[in-house]
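See below for the structure under consideration.
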Amino acid sequence: MGKHTKRRALATIVSTGILLSAVAIMGSMLTAWSNSIFTSEQTEINTVYSDGVNKLNEYLIIEHIWFGNIPNKFLNLTMSNVGSNGLNVTKITLDNSVDKTVKLYSDGGILRDDILSREITYNWTTTDPILVTITTEKGSIYQTYAMGP
Amino acid sequence: MKQRRALTTVVGGVFFLVVIITAASYLTYSMNLFENFSEEVFAVDQERENRKNESFDISRLAIQNNKINLDVYNSGDIPVSFTRLWVENVTGVDEVYKFNLNKTVTTGNTAKDILQGLSFTALETQSYKMKLVTDRGTTKEFSVNASTDPLQLQLFALPEVVPTNFKSTILLAVTNNSTQNTIYTNIQPLLNATSLGAIPELIGNSPEPHSVLKKGETAIFEWTYRISGDDGDKVRFEASILNEVPGNTVTKDVEVKVIEFAQESGSSLVSSFFSTLSTPQDIMYFHKENFDSLGERQMWASSPENNLGEIIDFSSTNALFYTNTDGNVTVNVPDGSWNTIVRYISSPMPESLMHSGDSSEDLSYHFEKDLDSPLDTTTNSVMTLGTGSNRPTWIATGHQGAGAYEFLGNQFASITVTDDNNLESSPATTSGWFYGYSSGPASDQTIFYGQSSSGNDYYKIYFNSSGNLIFELDAGSSLEVATCISAVNYRDDSWHHFVALMPGENDCELYVDGNLEDTDSNGGNGSIILTDDIFIGASDASGTDGFNGMLDDIIHWDDYALDETTEQEITDLFNTNYGTDGHFLNFDIRIVDEFGGNLGLSNKTITQTLNFPIKYSSDFGEYTTPISDIWGEMNFTATPNEERVIGPGERLMLNMTYSPKVIGNLNMKMAIDDTDIISGSGSSFLKTPLPDVGIPGYATYDNSGTGTIGIFNPGPTDTWIKYQSRVIFKDEITGSPYASIIHSANGTALSSDQDSPPMYVDETMPVEFDIPREQPGNPSSTIIPEGRYGMYVFLDGFDASGQVFLHSSFIGIVRVT
C-alpha cells in the first residue's frame, strides 16, 4: 500500500509537468501566431495607407504640348507636378486614328513644383486629335487631347 | 488536481491577456491611420476646391516697343500666382519659349504689365500663341496678333450705294466663334480698297487694334471712305485681320450711283414715318419719345429724328428702353452678338471737384490721342510737343489702360502762358501722374516747370539726383523759397500721383498717392512773373534736365488750392480713373411681357451684366451743356448661345444703370436720338442679330383715313417734290403691294401744276397720302387690309440748283390697323 502511494505522487508531478508544458507550448504558439498575423496585417495596412495617401496627393497637369517637324515630326510634352509629393511618370501613350505610340520611362521622376519635358517622335496630323495619356508609378492616369497646328 | 487546474488557468490567462493587448494595439494603430488618412483627404479636397476657385482674365494686351504689355485680372476667390509663360511663335513652328514668372495678384485686383521684364522681343507683325500657368495648375491660352481658327468676319458698308463724293462707312465685325476657349488679343484689322472704276479716299485714321476678344465677343472696326466716280463705278473692300487663317477674308462693294435724271443733284432726302427715319431692322436706335412704351423711352428700327435729341445724365436717371408689343407676331432672333453702342461723355472731374468759376481747373491734359498739340479738355491753353528727337513718345496704354507720354531725357512739351496758367499768385494747384524709370539718371529731372528769364521766379516740380520728388517755388524773395520734398526715391518703375499745392505765395504742400509728404510755410507776399512757356518733361526747349519716364493727367488750377481737410479732394482725385475703368455700367437686356414684367425664363434673358468698364472720354469743356459732336463711343457685346424668341405680346427691354464708385467717381452722360451725331456709329443704338421679321416698332397706320409721313432734307440745297410722288406698302408675308399718291405737302395740295412748298435744309416737312389701294388713285380698287407691311416712299422732285431727282427709300415695318 505504501509503495502504491509513492507511485501515485510521482505520477501526479509528471502529469502536472506534462500538462503545464503542453499549455505553455500551445499558448506560446498561439501568441506567436496571433502576433505574426497582427504584424503582417499592420504592415499591409501601412502599405495601403502610404500608397493611398501618396496617390491622393499626386496631381499632375499636362502644362504644354507643342509640335515640331524638324527633322521628323515630333511632339514636345511638358508636365508639371502641382501636387504635394514627388511623383514618377512611367508611361506616356499617344494615340490618334493612325498612330499609337507607347513610351516607358524609368527616369520620369518629378519633384514637387517641378516640371518634366519629353520629346516624342510621333506622326501627328492637323486633323486627328491625339489622346495623350500619362501614367504614374502609383497608377494615376492623366489624359488630354491635342492636335497638330 | 485542483492545483494543476489553477496553474493552468493562470498560464492561460496570461496568454489571453497578451492576445487582447496585441489586438487592442492593432486596433488603436488602425484608428490612428484612419484619422491621418481622413486629414489627408480633407487637405487634398481643400486644395482641389482652391483650384476650382482660381480664375483670372486677360484684361489687356498690347505690344509696345517690342514688349508685351499684359494685364491680368484676378476674377476668382483666392490669390493667383503665375509661375510660367509659354510663348509659341506660330510663324515658325519650332520656336517655343518658356519663361518662369513669379507674379501674384490678389482677389479682385489687376496685375499690370506682368511680362515687361521678360527678355523676349515681340513684333507687331508676328503671331504668337501664349499660355499662362499658375502654381495650382490652372492654364489660360491666348493668341496674339493672329487667329488660329478662322474667325467670323462680317463686312458692312453704310451705305452700299452712294452719290459721287459721298462718304461710306465700312464696318468690320470680328466675332470670336472659336470652338476652343482661345482668347484672341491685339487684333489688327486689315482693309484693302480696290478701285473698280471709283476712287476711294480714306477719311480720318484707321482703327486701333482691339485689345482682348474673348469667346463669343465681337469687335467692330470702322473706316470712313469718300467715294468718287461715275455711275456704276465701284470700290471693292476686302477685309481680314493680321495673320488670319489664309483665305478668311470678306468683301463688300460700294457703288457710285448717279441719281436718275439729275446729273449733279446733291440733294439727299430722307423719308420718315411720323417724323421718324428708317433703319435696317436689326438696328434699334434709342428714342426720347415715350408713348406706347410704358412711360419709358422707345427703342426701335428707326433713325434719330431730332437735331437736339436727349442727353441722359446717369447720375440722376437710368436709361430704360422698350420695343413695341404686337399680339400677332413672333420674332425669332438667331444666336449671335447683341451690340449696344453708347455715345457718351465723361465728367471732367470727380464729383467733389466739379467746381465752377475760379475754383475749377484751368488746364487738363489726359493725352488720350497722339497729337502734336495735345488737347486741353478745358480748351483754355495750347500745348505743343517738341519736334524731332525732342518729341515725347505716345504710349497708347501708358496709364490705367489709356494714353500717356513717355519722356526719355531730352523730350518736352510746352504750354503757352495765359491768364489761366500764369502761376502768378496763390492759391494754385498742379497735379498729375508720373512713372519714373529706375534707369533714369542721378540728376535733376523736370516734370512741370515755369520761370522768369532772370531765373529769380520759378515754380517747378522735379526729381532731384536722389529721385526725391520736389515741389519748389520762388515768388520773388530768395529768402522765402518754399521747398517741399518727398521722403523716398520715386525712380521706382511705378505710377504715382502727385498734388503740388501753393496755398500762399511762399508756401507749399506736396502730396504723393493721396498722402501728405511735406509742407513748407514762409508767409509773406510775392508773385511769379513767367517770361517763357511752361514746360512739361524738361526745363526748356533744349530738353535740359529731362524726365525719364511717363507722365499723364496733368491738371492745373491757377486760382484754387485743393481741399483735403474737409472735402478729401486730393484723395478723390488720386482715386479717379481717367483710363479704361473710368465708369461702370450695368446692362440688363431681356424679353419681358407687354407690361414690362419679368418672364422669369432663362431663354428670355440676353444678358444681365454688372459693372461693365467704360473708358474715360474727355469732355472738351462741354460736360455741363454738350452741344458739339464730341461724344465718345463704347460697344457692349452680349452673345447668348442660342436664338431668342420675342413672342406675341412681348417686348424687348434694355436697361442701363450706372454703378457709381464710392470715391473718385466720374459721372457720365449719354446722347440719344440726335441727328447731329454723325461721328463714329452715329447716335446710340442696340444692334441685334438679324431677326426673321422686324421687331415691332412704333409706326402704325390706320387704313380708314389719310396717313402722314415726314420728309427730312439734310441738304445741301433746298428741294421740292412733285405730284405723283407716292408711298408703297408691301405685305411682309405675301409680298402683295399697295400704293398711294402723296396728295399734300405741309398743307398745300399737290397737283399736276402745283409742286410742294420748299423743303428747307435741316427741316422736316409733313406730307399726307391717300388710303393705299391695289391701284393708287382708283377709289374702287381694294383698300389695303390690316397687317404688317414693309413701307417705301418714292419721291419725284427737284432742287434749288435746278436738278431733278427720283428718290426711293425704305421706311420700315409698319402695322396697318
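Note on naming: chains are A, B, ... as they come in the C-alpha cells, residues start from 1 per chain, ligands start from 1 in the order shown.
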(Q) Would you mind listing, as a PyMOL selection string, all residues of chain B that have at least one atom within 8 Å of chain A, where only C-alpha atoms are what counts? (A) chain B and resi 4+7-8+11-12+15+18-19+22-23+26+30+33+37+40-41+44+86+93-94+96+133+135-137+139
Q: Quick one: everything within 12 Å of range 142-146 of chain B, counting only C-alpha atoms, minus sequence neighbours fewer than 5 positions away in the same chain. Send it as a PyMOL selection string.
A: chain B and resi 57-63+68-70+85-91+122-133+151+176+178+180-190+209-215+240-246
Q. So what do you get for CA of Asp755 in chain B versus CA of His743 in chain B, distance-wise?
A. 10.3 Å
Q: Might you pull out every residue within 7 Å of range 138-148 of chain A, with only C-alpha atoms counted and same-chain residues fewer than 4 positions away left off, and present them as a list in words?
A: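 The filter keeps Lys55, Phe67, Trp124, Thr125, Thr126, Thr127, Asp128, Pro129, Ile130, Leu131, Val132, Thr133 and Ile134 of chain A.
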Q.
List the spatial neighbours of range 449-464 of chain B as a list in words - criterion: any atom at most 7 Å away, only C-alpha atoms, same-chain residues fewer than 5 positions off excluded.
A.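 Neighbouring residues, sequence-local ones excluded: Ser443, Asp444, Leu469, Ile470, Phe471, Glu472, Leu473, Asp474, Ala475, Gly476, Ile528, Ile529, Leu530, Thr531, Asp532, Asp533, Ile534, Phe535, Ile536 and Ser539 of chain B.
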Q. Pick from B:Asn36, B:Asn65, B:Thr637, B:Asn778: nearest to Val174 in chain B, with only C-alpha atoms counted?
A. B:Thr637
Q.
Set the distance at 12 Å and use only C-alpha atoms: which residues neighbour Met383 in chain B once local chain neighbours fewer than 2 positions away are removed? I'd like the list as a PyMOL selection string.
A. chain B and resi 363-367+371-377+379-381+385-386+412-418+421+533-536+554
Q: Check the DSSP output for the backbone and give back, as a PyMOL selection string, the residues of chain A in strand (DSSP E).
A: chain A and resi 60-68+74-81+87-95+100-104+109-110+115-121+130-136+141-146
Q) Using only C-alpha atoms, which residues sit within 10 Å of Ile695 in chain B once same-chain residues fewer than 6 positions away are excluded, as number ranges by chain? A) B: 281-284, 300-301, 323-326, 329-333, 646, 651-652, 688, 813
Can you write out the residues you just picked, keeping N, CA and C atoms, as a compact mmCIF listing (two decimals), in the first residue's frame?
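Saved the output as part_39.txt:
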```txt
# COMPACT_ATOMS: atom_id res chain seq x y z
N GLN B 281 -33.64 96.52 -90.00
CA GLN B 281 -34.50 96.07 -88.91
C GLN B 281 -33.72 95.43 -87.75
N ASP B 282 -32.39 95.33 -87.86
CA ASP B 282 -31.63 94.81 -86.72
C ASP B 282 -30.95 95.93 -85.93
N ILE B 283 -31.15 97.17 -86.34
CA ILE B 283 -30.54 98.30 -85.61
C ILE B 283 -31.64 99.10 -84.94
N MET B 284 -31.67 99.06 -83.63
CA MET B 284 -32.72 99.75 -82.89
C MET B 284 -32.16 100.97 -82.17
N TRP B 300 -36.45 101.30 -81.30
CA TRP B 300 -36.94 100.59 -82.49
C TRP B 300 -36.12 100.96 -83.72
N ALA B 301 -36.39 100.21 -84.79
CA ALA B 301 -35.60 100.33 -86.01
C ALA B 301 -36.01 101.58 -86.76
N THR B 323 -39.01 98.05 -76.82
CA THR B 323 -39.61 97.98 -78.15
C THR B 323 -41.12 97.88 -77.97
N ASN B 324 -41.85 97.97 -79.08
CA ASN B 324 -43.31 97.90 -79.00
C ASN B 324 -43.75 96.45 -78.88
N THR B 325 -45.04 96.26 -78.62
CA THR B 325 -45.61 94.93 -78.49
C THR B 325 -46.59 94.68 -79.62
N ASP B 326 -46.66 93.44 -80.11
CA ASP B 326 -47.59 93.08 -81.17
C ASP B 326 -48.11 91.68 -80.87
N VAL B 329 -47.44 88.69 -83.69
CA VAL B 329 -46.16 88.44 -84.34
C VAL B 329 -45.19 87.72 -83.39
N THR B 330 -44.52 86.72 -83.96
CA THR B 330 -43.41 86.07 -83.25
C THR B 330 -42.13 86.41 -83.99
N VAL B 331 -41.17 86.96 -83.26
CA VAL B 331 -39.89 87.35 -83.88
C VAL B 331 -38.82 86.40 -83.39
N ASN B 332 -38.15 85.75 -84.34
CA ASN B 332 -37.04 84.85 -83.99
C ASN B 332 -35.73 85.59 -84.24
N VAL B 333 -34.98 85.78 -83.17
CA VAL B 333 -33.67 86.44 -83.30
C VAL B 333 -32.62 85.35 -83.16
N ILE B 646 -39.03 86.53 -79.41
CA ILE B 646 -39.93 87.54 -78.84
C ILE B 646 -41.33 87.12 -79.23
N ARG B 651 -42.15 92.24 -75.29
CA ARG B 651 -41.29 93.37 -75.68
C ARG B 651 -39.83 93.02 -75.41
N LEU B 652 -38.96 93.74 -76.11
CA LEU B 652 -37.54 93.67 -75.81
C LEU B 652 -37.21 94.86 -74.90
N THR B 688 -29.09 93.95 -82.96
CA THR B 688 -29.35 92.55 -82.65
C THR B 688 -28.88 91.69 -83.82
N ILE B 813 -40.88 98.73 -91.00
CA ILE B 813 -42.04 97.86 -90.79
C ILE B 813 -43.16 98.68 -90.15
```
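Using only C-alpha atoms, the contacts of range 291-299 of chain B at a cut-off of 9 Å, with sequence neighbours closer than 5 positions omitted, comprise Met284, Tyr285, Phe286, Ala319, Leu320, Phe321, Tyr322, Thr323, Asn324, Thr325, Glu594, Phe595, Gly596, Leu652, Met653, Leu654, Phe685, Leu686, Gly697 and Tyr698 of chain B.
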Q) Hey, which of A:Arg112, A:Arg118, A:Lys91, A:Lys100 ends up closest to Glu137 in chain A? Count only C-alpha atoms. A) A:Lys91
